[in-house]
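Peer 1: What follows is upload.cif; its format and atoms are mmCIF, C-alpha atoms.
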```
data_target
loop_
_atom_site.label_atom_id
_atom_site.label_comp_id
_atom_site.auth_asym_id
_atom_site.auth_seq_id
_atom_site.Cartn_x
_atom_site.Cartn_y
_atom_site.Cartn_z
CA MET A 18 103.57 59.54 89.45
CA GLY A 19 106.74 61.61 88.97
CA MET A 20 105.95 62.04 85.26
CA ARG A 21 102.40 63.21 86.01
CA MET A 22 103.63 65.68 88.61
CA SER A 23 106.20 67.08 86.16
CA LEU A 24 103.60 67.51 83.44
CA SER A 25 101.24 69.11 85.93
CA THR A 26 103.94 71.58 86.98
CA ALA A 27 104.69 72.43 83.36
CA ASP A 28 101.00 72.90 82.61
CA GLY A 29 100.64 75.12 85.66
CA GLN A 30 103.58 77.28 84.60
CA LYS A 31 102.16 77.54 81.10
CA PHE A 32 98.78 78.59 82.52
CA THR A 33 100.40 81.18 84.78
CA GLN A 34 102.41 82.62 81.89
CA SER A 35 99.32 82.75 79.70
CA ARG A 36 97.30 84.50 82.40
CA GLY A 37 100.14 86.95 83.00
CA LYS A 38 100.31 87.78 79.29
CA ALA A 39 96.57 88.32 79.20
CA LEU A 40 96.61 90.60 82.25
CA TRP A 41 99.54 92.70 81.03
CA SER A 42 97.78 93.02 77.66
CA TRP A 43 94.69 94.15 79.56
CA ALA A 44 96.68 96.66 81.63
CA LEU A 45 98.30 98.06 78.47
CA TYR A 46 94.90 99.37 77.38
CA ASP A 47 95.12 101.85 80.26
CA TRP A 48 98.46 102.93 78.74
CA ALA A 49 96.64 103.41 75.42
CA ASN A 50 93.55 105.35 76.48
CA GLN A 51 95.23 107.61 79.05
CA SER A 52 96.86 109.40 76.10
CA TYR A 53 93.43 110.77 75.22
CA ALA A 54 92.62 111.95 78.74
CA THR A 55 96.07 113.48 79.19
CA VAL A 56 96.74 115.14 75.83
CA ILE A 57 93.23 115.92 74.57
CA GLN A 58 91.05 116.51 77.61
CA THR A 59 93.57 118.06 79.97
CA PHE A 60 96.92 119.41 78.85
CA VAL A 61 97.05 120.14 75.10
CA PHE A 62 93.77 120.32 73.19
CA ALA A 63 91.86 121.85 76.12
CA VAL A 64 94.40 124.66 76.38
CA TYR A 65 94.65 125.07 72.60
CA PHE A 66 90.87 125.33 72.29
CA THR A 67 90.35 127.90 75.05
CA SER A 68 93.40 130.03 74.21
CA GLN A 69 93.73 129.88 70.41
CA VAL A 70 90.50 128.66 68.82
CA ALA A 71 88.19 130.65 71.10
CA VAL A 72 88.18 134.40 71.60
CA ASP A 73 86.64 134.54 75.07
CA THR A 74 88.35 132.20 77.58
CA GLU A 75 85.49 132.23 80.11
CA ARG A 76 82.87 131.55 77.42
CA ALA A 77 85.02 128.75 75.98
CA THR A 78 85.44 127.23 79.45
CA THR A 79 81.64 127.22 79.83
CA HIS A 80 81.09 125.55 76.44
CA TRP A 81 83.89 123.05 77.04
CA SER A 82 82.34 122.14 80.39
CA LEU A 83 78.91 121.80 78.82
CA THR A 84 80.23 119.53 76.07
CA ILE A 85 82.07 117.23 78.50
CA GLY A 86 79.06 117.19 80.81
CA LEU A 87 76.43 116.37 78.20
CA THR A 88 78.65 113.72 76.62
CA GLY A 89 79.07 112.16 80.05
CA LEU A 90 75.30 112.18 80.45
CA CYS A 91 74.94 110.27 77.14
CA VAL A 92 77.45 107.69 78.40
CA ALA A 93 75.55 107.51 81.68
CA LEU A 94 72.21 106.82 80.01
CA SER A 95 73.49 104.27 77.50
CA GLY A 96 76.13 102.53 79.64
CA PRO A 97 73.91 100.27 81.77
CA ILE A 98 71.89 99.25 78.72
CA LEU A 99 74.98 98.38 76.68
CA GLY A 100 76.50 96.59 79.67
CA ALA A 101 73.36 94.49 80.16
CA ILE A 102 73.31 93.57 76.46
CA ALA A 103 77.00 92.60 76.62
CA ASP A 104 76.31 90.41 79.66
CA ARG A 105 73.76 88.51 77.60
CA ALA A 106 75.81 88.39 74.38
CA GLY A 107 78.95 87.26 76.24
CA ARG A 108 81.81 88.97 74.45
CA ARG A 109 83.26 92.29 75.52
CA LYS A 110 86.17 92.92 73.12
CA PRO A 111 84.03 93.88 70.08
CA TRP A 112 82.49 96.68 72.15
CA ILE A 113 85.95 97.84 73.20
CA GLY A 114 87.32 97.71 69.65
CA VAL A 115 84.46 99.60 67.97
CA ASN A 116 84.27 102.37 70.55
CA THR A 117 88.05 102.77 70.64
CA LEU A 118 88.00 103.18 66.85
CA ILE A 119 85.29 105.86 67.13
CA CYS A 120 87.49 107.76 69.58
CA ALA A 121 90.58 107.38 67.39
CA ILE A 122 88.86 108.66 64.23
CA ALA A 123 87.35 111.69 65.99
CA THR A 124 90.67 112.47 67.71
CA ALA A 125 92.54 112.37 64.40
CA GLY A 126 89.92 114.73 63.01
CA LEU A 127 90.95 117.38 65.54
CA TRP A 128 93.86 118.12 63.17
CA LEU A 129 91.27 120.04 61.11
CA VAL A 130 90.63 122.46 63.98
CA GLU A 131 92.72 125.51 63.14
CA PRO A 132 93.31 128.52 65.42
CA ARG A 133 90.27 130.43 64.23
CA LEU A 134 86.78 131.01 65.56
CA ASP A 135 85.22 129.34 62.49
CA ASP A 136 86.35 125.93 63.81
CA TYR A 137 84.92 126.47 67.30
CA TRP A 138 81.87 124.18 66.96
CA LEU A 139 83.77 121.59 64.90
CA ALA A 140 86.18 121.28 67.82
CA LEU A 141 83.39 120.73 70.34
CA GLY A 142 81.59 118.22 68.10
CA LEU A 143 84.70 116.08 67.59
CA LEU A 144 85.49 116.34 71.31
CA ALA A 145 82.02 115.00 72.17
CA LEU A 146 82.29 112.07 69.73
CA ALA A 147 85.80 111.08 70.85
CA THR A 148 84.91 111.35 74.53
CA TYR A 149 81.82 109.19 74.09
CA GLY A 150 83.87 106.51 72.31
CA VAL A 151 86.66 106.25 74.86
CA GLN A 152 84.37 106.36 77.90
CA THR A 153 82.01 103.72 76.51
CA ALA A 154 84.93 101.42 75.66
CA THR A 155 86.14 101.78 79.26
CA ILE A 156 82.88 100.28 80.60
CA PHE A 157 83.65 96.93 78.96
CA TYR A 158 87.37 97.18 79.66
CA ASN A 159 86.74 97.58 83.39
CA ALA A 160 84.34 94.62 83.38
CA MET A 161 87.09 92.37 81.95
CA LEU A 162 89.24 92.64 85.08
CA ALA A 163 87.25 90.06 87.04
CA ASP A 164 87.26 87.70 84.02
CA LEU A 165 91.07 87.69 83.84
CA SER A 166 92.41 88.16 87.38
CA PRO A 167 92.19 85.95 90.48
CA THR A 168 89.86 87.45 93.08
CA GLN A 169 92.64 88.18 95.57
CA GLU A 170 94.61 90.13 92.94
CA TYR A 171 91.88 92.56 91.78
CA GLY A 172 93.44 95.44 93.70
CA ARG A 173 96.93 94.68 92.46
CA TRP A 174 95.98 94.50 88.77
CA SER A 175 93.58 97.43 88.91
CA GLY A 176 96.38 99.50 90.43
CA ARG A 177 98.88 98.25 87.86
CA GLY A 178 96.46 99.22 85.11
CA TRP A 179 96.11 102.76 86.41
CA ALA A 180 99.89 102.99 86.91
CA MET A 181 100.38 101.84 83.32
CA GLY A 182 97.90 104.50 82.28
CA TYR A 183 99.81 107.30 83.93
CA ALA A 184 103.08 105.96 82.55
CA GLY A 185 101.50 105.98 79.10
CA GLY A 186 100.29 109.53 79.65
CA ILE A 187 103.83 110.58 80.60
CA CYS A 188 105.41 108.93 77.55
CA CYS A 189 102.79 110.38 75.21
CA LEU A 190 103.24 113.87 76.64
CA VAL A 191 107.03 113.59 76.36
CA ALA A 192 106.70 112.46 72.75
CA VAL A 193 104.34 115.31 71.92
CA LEU A 194 106.58 117.84 73.65
CA PHE A 195 109.80 116.85 71.91
CA LEU A 196 108.34 115.88 68.54
CA PHE A 197 106.02 118.84 68.02
CA VAL A 198 105.38 121.46 70.68
CA ARG A 199 108.55 122.88 72.19
CA GLU A 200 110.91 125.30 70.49
CA GLY A 201 113.45 123.33 68.45
CA ALA A 202 111.17 120.27 68.23
CA LEU A 203 112.34 117.32 66.14
CA LEU A 204 109.59 117.97 63.58
CA PRO A 205 109.51 121.70 62.81
CA LEU A 206 105.97 122.63 61.83
CA ASP A 207 104.16 125.85 60.98
CA ARG A 208 103.58 127.62 64.28
CA GLU A 209 101.42 130.38 62.83
CA ALA A 210 98.84 127.77 61.83
CA ALA A 211 99.40 125.94 65.16
CA ALA A 212 100.47 122.83 63.24
CA HIS A 213 102.99 122.07 66.00
CA VAL A 214 100.05 121.66 68.43
CA ARG A 215 97.53 120.15 66.00
CA ALA A 216 99.95 117.39 64.96
CA SER A 217 99.71 115.95 68.45
CA PHE A 218 96.04 115.00 67.90
CA PRO A 219 96.50 112.41 65.10
CA PHE A 220 99.56 111.24 67.04
CA VAL A 221 97.28 110.43 70.00
CA SER A 222 94.96 108.59 67.61
CA PHE A 223 97.84 106.42 66.41
CA TRP A 224 98.96 105.84 70.01
CA LEU A 225 95.47 104.77 71.05
CA ILE A 226 95.11 102.23 68.24
CA ALA A 227 98.64 100.82 68.48
CA PHE A 228 98.54 100.13 72.22
CA SER A 229 94.98 98.79 72.17
CA LEU A 230 96.01 95.93 69.90
CA PRO A 231 97.56 93.68 72.62
CA LEU A 232 94.26 93.62 74.51
CA LEU A 233 92.29 92.85 71.36
CA LEU A 234 94.77 90.19 70.19
CA TYR A 235 96.03 88.44 73.33
CA ALA A 236 93.53 88.85 76.18
CA PRO A 237 90.90 86.07 76.13
CA ASP A 238 87.29 87.16 75.87
CA ARG A 239 84.19 85.52 77.28
CA LYS A 240 82.55 83.05 74.95
CA ALA A 241 79.84 84.39 72.72
CA SER A 242 76.40 83.22 73.76
CA GLU A 243 74.19 81.24 71.44
CA LEU A 244 71.69 84.06 71.42
CA ALA A 245 71.03 86.11 68.30
CA TRP A 246 71.78 89.83 68.58
CA GLN A 247 68.09 90.66 68.70
CA GLU A 248 67.56 88.26 71.62
CA SER A 249 70.69 89.57 73.37
CA ILE A 250 69.27 93.08 73.17
CA ARG A 251 65.86 92.00 74.42
CA GLY A 252 67.43 89.86 77.14
CA GLY A 253 69.74 92.68 78.22
CA LEU A 254 66.86 95.10 78.51
CA ARG A 255 64.83 92.54 80.51
CA GLN A 256 67.82 91.97 82.80
CA LEU A 257 68.22 95.70 83.35
CA ARG A 258 64.48 96.03 84.09
CA ASP A 259 64.62 93.13 86.59
CA SER A 260 67.69 94.58 88.29
CA LEU A 261 66.02 97.95 88.71
CA ARG A 262 62.92 96.22 90.10
CA ASP A 263 65.00 94.15 92.56
CA VAL A 264 67.32 97.01 93.45
CA ARG A 265 67.08 96.25 97.18
CA LYS A 266 69.13 93.10 96.65
CA TYR A 267 72.11 95.29 95.76
CA ARG A 268 71.81 97.99 98.41
CA LYS A 269 75.48 97.82 99.43
CA VAL A 270 76.68 98.02 95.83
CA LEU A 271 74.34 100.93 95.10
CA ARG A 272 75.53 102.77 98.18
CA PHE A 273 79.08 102.46 96.89
CA LEU A 274 78.00 103.67 93.45
CA VAL A 275 76.45 106.81 94.94
CA ALA A 276 79.72 107.45 96.75
CA TRP A 277 81.65 106.83 93.54
CA ALA A 278 79.49 109.41 91.75
CA PHE A 279 80.80 112.15 94.04
CA CYS A 280 84.39 110.87 93.98
CA THR A 281 84.58 110.75 90.20
CA ASP A 282 82.74 114.05 89.72
CA GLY A 283 85.55 115.86 91.48
CA LEU A 284 88.18 113.99 89.49
CA ALA A 285 86.35 114.52 86.19
CA THR A 286 86.18 118.25 86.84
CA VAL A 287 89.90 118.35 87.61
CA PHE A 288 90.76 116.39 84.46
CA ALA A 289 88.45 118.41 82.23
CA LEU A 290 89.50 121.83 83.48
CA GLY A 291 92.93 121.44 85.11
CA GLY A 292 94.89 122.59 82.07
CA VAL A 293 92.46 125.45 81.47
CA TYR A 294 92.94 126.58 85.09
CA ALA A 295 96.73 126.43 84.83
CA ALA A 296 96.67 128.54 81.66
CA GLY A 297 94.04 131.06 82.72
CA THR A 298 94.97 131.62 86.38
CA PHE A 299 98.74 131.06 86.38
CA GLY A 300 99.52 132.09 82.79
CA MET A 301 101.22 128.83 81.85
CA ASP A 302 101.86 128.28 78.12
CA GLU A 303 101.60 124.98 76.21
CA SER A 304 105.15 123.84 76.97
CA GLN A 305 104.86 124.66 80.68
CA ILE A 306 101.52 122.87 80.93
CA LEU A 307 102.97 119.83 79.14
CA ILE A 308 105.89 119.66 81.56
CA PHE A 309 103.49 120.02 84.50
CA GLY A 310 101.31 117.28 83.00
CA ILE A 311 104.31 114.96 82.70
CA ALA A 312 105.26 115.55 86.33
CA LEU A 313 101.65 115.16 87.51
CA SER A 314 101.24 111.90 85.60
CA LEU A 315 104.47 110.65 87.15
CA THR A 316 103.27 111.25 90.72
CA ALA A 317 99.84 109.81 89.89
CA GLY A 318 101.42 106.67 88.42
CA ILE A 319 103.66 106.23 91.45
CA GLY A 320 100.63 106.63 93.74
CA ALA A 321 98.56 104.10 91.79
CA PHE A 322 101.37 101.53 91.82
CA LEU A 323 102.25 101.88 95.51
CA PHE A 324 98.64 101.89 96.68
CA SER A 325 97.86 98.76 94.65
CA TRP A 326 99.84 96.82 97.28
CA ILE A 327 98.21 98.76 100.11
CA ASP A 328 94.80 97.87 98.65
CA GLU A 329 95.61 94.16 99.03
CA ARG A 330 96.62 94.62 102.65
CA ILE A 331 94.03 97.01 104.09
CA GLY A 332 91.20 96.70 101.54
CA SER A 333 89.77 98.88 98.78
CA ARG A 334 87.49 100.93 101.04
CA LYS A 335 90.26 102.16 103.34
CA THR A 336 92.48 102.87 100.35
CA ILE A 337 89.74 105.02 98.79
CA LEU A 338 89.36 106.94 102.07
CA ILE A 339 93.09 107.68 102.22
CA GLY A 340 93.02 108.85 98.61
CA LEU A 341 90.04 111.14 99.12
CA THR A 342 91.66 112.70 102.18
CA GLY A 343 94.72 113.63 100.14
CA LEU A 344 92.62 114.92 97.24
CA PHE A 345 90.56 117.17 99.53
CA VAL A 346 93.53 118.67 101.32
CA PHE A 347 95.62 119.43 98.25
CA SER A 348 92.74 120.63 96.07
CA VAL A 349 91.94 123.23 98.73
CA LEU A 350 95.57 124.32 98.84
CA ILE A 351 95.77 124.60 95.04
CA LEU A 352 92.79 126.96 95.02
CA VAL A 353 94.11 129.31 97.70
CA VAL A 354 97.73 129.70 96.57
CA THR A 355 98.71 132.49 94.19
CA GLN A 356 102.34 131.61 93.51
CA LYS A 357 103.15 129.32 90.61
CA HIS A 358 105.74 127.24 92.49
CA LEU A 359 103.18 126.43 95.21
CA PHE A 360 100.65 125.46 92.53
CA TRP A 361 103.28 123.05 91.19
CA THR A 362 104.07 121.63 94.63
CA PHE A 363 100.50 121.00 95.74
CA GLY A 364 99.44 119.86 92.27
CA LEU A 365 102.09 117.13 92.22
CA LEU A 366 101.18 116.04 95.76
CA LEU A 367 97.53 115.85 94.74
CA GLY A 368 98.53 113.57 91.88
CA ILE A 369 99.73 110.89 94.30
CA PHE A 370 96.16 110.33 95.52
CA VAL A 371 94.34 110.36 92.15
CA GLY A 372 95.28 106.83 91.09
CA PRO A 373 94.42 105.06 94.36
CA VAL A 374 90.84 106.39 94.34
CA GLN A 375 90.27 105.29 90.74
CA ALA A 376 92.02 101.94 90.95
CA SER A 377 90.56 100.90 94.29
CA SER A 378 87.06 101.87 93.18
CA ARG A 379 87.40 99.54 90.19
CA SER A 380 88.79 96.87 92.50
CA TYR A 381 85.95 97.34 95.01
CA LEU A 382 83.25 96.85 92.38
CA SER A 383 85.04 93.81 90.89
CA HIS A 384 84.70 92.19 94.32
CA ALA A 385 81.15 93.36 94.96
CA ALA A 386 79.47 92.77 91.57
CA PRO A 387 77.77 89.39 90.98
CA GLU A 388 79.38 87.67 87.98
CA GLU A 389 76.18 87.48 85.93
CA LEU A 390 75.64 91.25 86.33
CA ARG A 391 79.21 92.46 86.04
CA GLY A 392 78.94 94.19 82.66
CA GLN A 393 75.67 95.80 83.65
CA LEU A 394 77.00 97.00 87.00
CA PHE A 395 80.11 98.44 85.38
CA GLY A 396 77.66 100.20 83.10
CA VAL A 397 75.95 101.51 86.22
CA PHE A 398 79.47 102.33 87.51
CA ALA A 399 79.82 104.57 84.45
CA LEU A 400 76.30 105.87 85.08
CA ALA A 401 77.17 106.74 88.68
CA GLY A 402 80.36 108.37 87.49
CA LYS A 403 78.60 110.32 84.76
CA SER A 404 75.05 110.84 85.98
CA THR A 405 76.03 113.98 87.85
CA SER A 406 79.51 114.57 86.38
CA PHE A 407 78.03 117.02 83.91
CA LEU A 408 77.02 119.16 86.91
CA GLY A 409 80.64 119.69 88.00
CA PRO A 410 81.84 121.29 84.76
CA LEU A 411 78.50 123.12 84.41
CA ILE A 412 78.78 124.56 87.93
CA VAL A 413 82.38 125.51 87.26
CA GLY A 414 81.39 127.15 83.99
CA GLY A 415 78.50 129.00 85.64
CA LEU A 416 80.52 130.25 88.59
CA THR A 417 83.38 131.24 86.29
CA ALA A 418 80.99 133.23 84.09
CA VAL A 419 79.24 134.95 87.01
CA PHE A 420 82.34 135.84 89.05
CA GLU A 421 84.78 136.02 86.11
CA SER A 422 87.16 133.87 88.17
CA GLN A 423 88.35 130.34 87.43
CA ARG A 424 89.47 130.04 91.05
CA ILE A 425 85.94 130.58 92.35
CA GLY A 426 84.57 128.33 89.63
CA LEU A 427 86.72 125.38 90.69
CA SER A 428 85.88 125.75 94.39
CA ILE A 429 83.26 123.02 93.88
CA VAL A 430 86.00 120.37 93.53
CA PRO A 431 87.03 119.98 97.22
CA LEU A 432 83.35 119.73 98.20
CA TYR A 433 82.95 116.73 95.89
CA PHE A 434 85.90 114.96 97.53
CA LEU A 435 84.63 115.71 101.04
CA THR A 436 81.14 114.41 100.25
CA GLY A 437 82.62 111.28 98.67
CA TRP A 438 84.72 110.67 101.79
CA PHE A 439 81.68 110.69 104.10
CA LEU A 440 79.75 108.35 101.81
CA VAL A 441 82.60 105.86 101.38
CA ARG A 442 83.08 105.81 105.14
CA GLY A 443 79.62 104.24 105.46
CA ILE A 444 80.08 101.29 103.07
CA PRO A 445 81.29 97.83 104.11
CA GLU A 446 84.72 96.51 103.17
CA GLN A 447 84.91 93.85 100.45
CA ARG A 448 87.27 91.01 101.29
CA THR A 449 89.71 89.56 98.82
CA GLY A 450 89.14 86.03 100.07
#
```
Represent the structure from my file as structure tokens, please.
Peer 2:
Amino acid sequence: MGMRMSLSTADGQKFTQSRGKALWSWALYDWANQSYATVIQTFVFAVYFTSQVAVDTERATTHWSLTIGLTGLCVALSGPILGAIADRAGRRKPWIGVNTLICAIATAGLWLVEPRLDDYWLALGLLALATYGVQTATIFYNAMLADLSPTQEYGRWSGRGWAMGYAGGICCLVAVLFLFVREGALLPLDREAAAHVRASFPFVSFWLIAFSLPLLLYAPDRKASELAWQESIRGGLRQLRDSLRDVRKYRKVLRFLVAWAFCTDGLATVFALGGVYAAGTFGMDESQILIFGIALSLTAGIGAFLFSWIDERIGSRKTILIGLTGLFVFSVLILVVTQKHLFWTFGLLLGIFVGPVQASSRSYLSHAAPEELRGQLFGVFALAGKSTSFLGPLIVGGLTAVFESQRIGLSIVPLYFLTGWFLVRGIPEQRTG
């Protein structure tokens, strides 16, 4: 009896260690892909494109917004279909690996975008391809959470993943700043050709691949089904058709997804245009924006980590409501202030509430989604997040063009957060039981 108990304890410890390794490998993918969102979409390439590649900042902001929006629409339309196919085929990691590689190749290609108008459309084309790759990979990455984590720990691990992401964004920004961008950087490069900025793009590509490997190597995947690929595709499409036909069965989940659409639209607009706003309205240069990005990522990571414990105690729904309240208040303040130090203060306070909304939304759906539909519903999660997300940047671009004011253009953001708050308030809590 004593021997059996000892072996059982040892086996249990081994299982716990194995699961912990798998979950930390999973969370490290957030560390990997946040480098793209932070360096490319927000703080470095976005600013470089609008200020050095383009001639007209307002026109470039409109085209940037259009590119992000239409790419998001492509993800929205294909995501549920790909998720349904993956549910039938079983495995998720091949989808993550291929789409991550697409993003990495396109991101490395941004090195070819020199500070000249001739490379304007090349920049937007590579941006669209890279964005599609990373956002599609995220569909399957999010769906893996419920396969790896105990039900009662969804909130904790979702929050840890987002915190790891922001930590990764900070480290990548610091590396880019000291290796390439700032005066006296460790690698002196030709500043007239903007090589000191362009070098950061293949660096992000390397970062993305290197830190994706633990997930691909150490996190267990679902078993592949016995179905041939053709049957998986047909079965996935049938499953999607049946789900749409029986949509009333998932009314509570769909209500949450509508709410998520508004929440993420506001966040997507902030991420896509935050660096552009800082440069155009407050005159911040690349180094200043990088430092601000590092500080913002730090507060966002702290918020995601702290609220991951709050999520476990009060539930995902209440955590999302707290986050949206903070986002609304501080986004309004950012748009009305004219002094740079107040922009810094309110921007960093806003960062605290970004992570909780994202992490707790992922946690909420992990609880609410039926296991057999998880990949598909995370595809719909992407659809809800992208189906109208193209409108945010488009509205911003349109208002900016009409009023010739980025401040007026971004006034749509607080309205998104307020609408999301009212919608989330009406959904039921999901228990961790």
Peer 1: For range 409-426 of chain A, please output as a list in words all residues within 7 Å (counting all atoms listed in the file; exclusion window: fewer than 6 positions along the same chain).
Peer 2: Glu75, Thr78, Thr79, Ser82, Leu83, Gly86, Asp282, Thr286, Tyr294, Thr298 and Leu352 of chain A
Peer 1: One decimal, Å: what's the distance from CA of Gln69 in chain A over to CA of Gly186 in chain A, could you say?
Peer 2: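 Interatomic distance here is 23.3 Å.
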Peer 1: For Leu338 in chain A, find every residue with an atom within 8 Å (counting all atoms listed in the file), except residues of its own chain fewer than 2 positions away, and show them as a list of chain:residue names.
Peer 2: A:Arg334, A:Lys335, A:Thr336, A:Gly340, A:Leu341, A:Thr342, A:Val374, A:Trp438, A:Val441, A:Arg442
Peer 1: Translate the PyMOL selection byres ((chain A and resi 211) around 12) into a concrete residue list for this structure, as a ChimeraX atom specification.
Peer 2: /A:61-62,65-66,68-70,128-133,197-199,205-210,212-218,303
Peer 1: Determine, counting only C-alpha atoms, which protein, DNA and RNA residues have an atom within 12 Å of an atom of range 356-358 of chain A; residues of the same chain fewer than 5 positions away are not included. Present the result as an MDAnalysis selection string.
Peer 2: chainID A and resid 294:296 298:301 305:306 309 350:351 363:365
Peer 1: Within 8 Å of Ser52 in chain A, counting all atoms listed in the file, which residues show up once you throw out same-chain ones fewer than 3 positions away? Write them as a VMD selection string, please.
Peer 2: chain A and resid 48 to 49 55 to 57 182 185 to 186 189 to 190 221 224 to 225
Peer 1: I need the residue nearest Ala184 in chain A from this list: A:Phe439, A:Tyr46, A:Tyr433, A:Phe324. Use all atoms listed in the file for the distance.
Peer 2: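 Once distances to Ala184 in chain A are computed over all atoms listed in the file, the minimum belongs to A:Tyr46.
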Peer 1: Might you spell out which residues the PyMOL selection byres ((chain A and resi 120) around 8) would select in the displayed file, as a JSON list (two decimals) with C-alpha atoms, in the frame of the given file?
Peer 2:
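Below is the file that was written, expr-v5.json:
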```
[["chain", "number", "residue", "atom", "x", "y", "z"],
["A", 116, "ASN", "CA", 84.27, 102.37, 70.55],
["A", 117, "THR", "CA", 88.05, 102.77, 70.64],
["A", 118, "LEU", "CA", 88.00, 103.18, 66.85],
["A", 119, "ILE", "CA", 85.29, 105.86, 67.13],
["A", 121, "ALA", "CA", 90.58, 107.38, 67.39],
["A", 122, "ILE", "CA", 88.86, 108.66, 64.23],
["A", 123, "ALA", "CA", 87.35, 111.69, 65.99],
["A", 124, "THR", "CA", 90.67, 112.47, 67.71],
["A", 146, "LEU", "CA", 82.29, 112.07, 69.73],
["A", 147, "ALA", "CA", 85.80, 111.08, 70.85],
["A", 148, "THR", "CA", 84.91, 111.35, 74.53],
["A", 149, "TYR", "CA", 81.82, 109.19, 74.09],
["A", 150, "GLY", "CA", 83.87, 106.51, 72.31],
["A", 151, "VAL", "CA", 86.66, 106.25, 74.86],
["A", 222, "SER", "CA", 94.96, 108.59, 67.61]]
```
Peer 1: Distance CA of Leu139 in chain A-CA of Leu284 in chain A, one decimal place?
Peer 2: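 Straight-line distance from CA of Leu139 in chain A to CA of Leu284 in chain A works out to 26.1 Å.
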Peer 1: Quick one: what's the axis-aligned box for range 332-337 of chain A, all listed atoms, 5 Å on every side, centre and edges in Å to one decimal, as JSON?
Peer 2:
```
{"center_x": 90.0, "center_y": 100.9, "center_z": 101.1, "size_x": 15.0, "size_y": 18.3, "size_z": 14.6}
```
Peer 1: Kindly resolve the PyMOL selection byres ((chain A and resi 367-369) around 9) on the present coordinates and return the residues as a VMD selection string.
Peer 2: chain A and resid 312 to 321 340 343 to 348 351 362 to 366 370 to 373
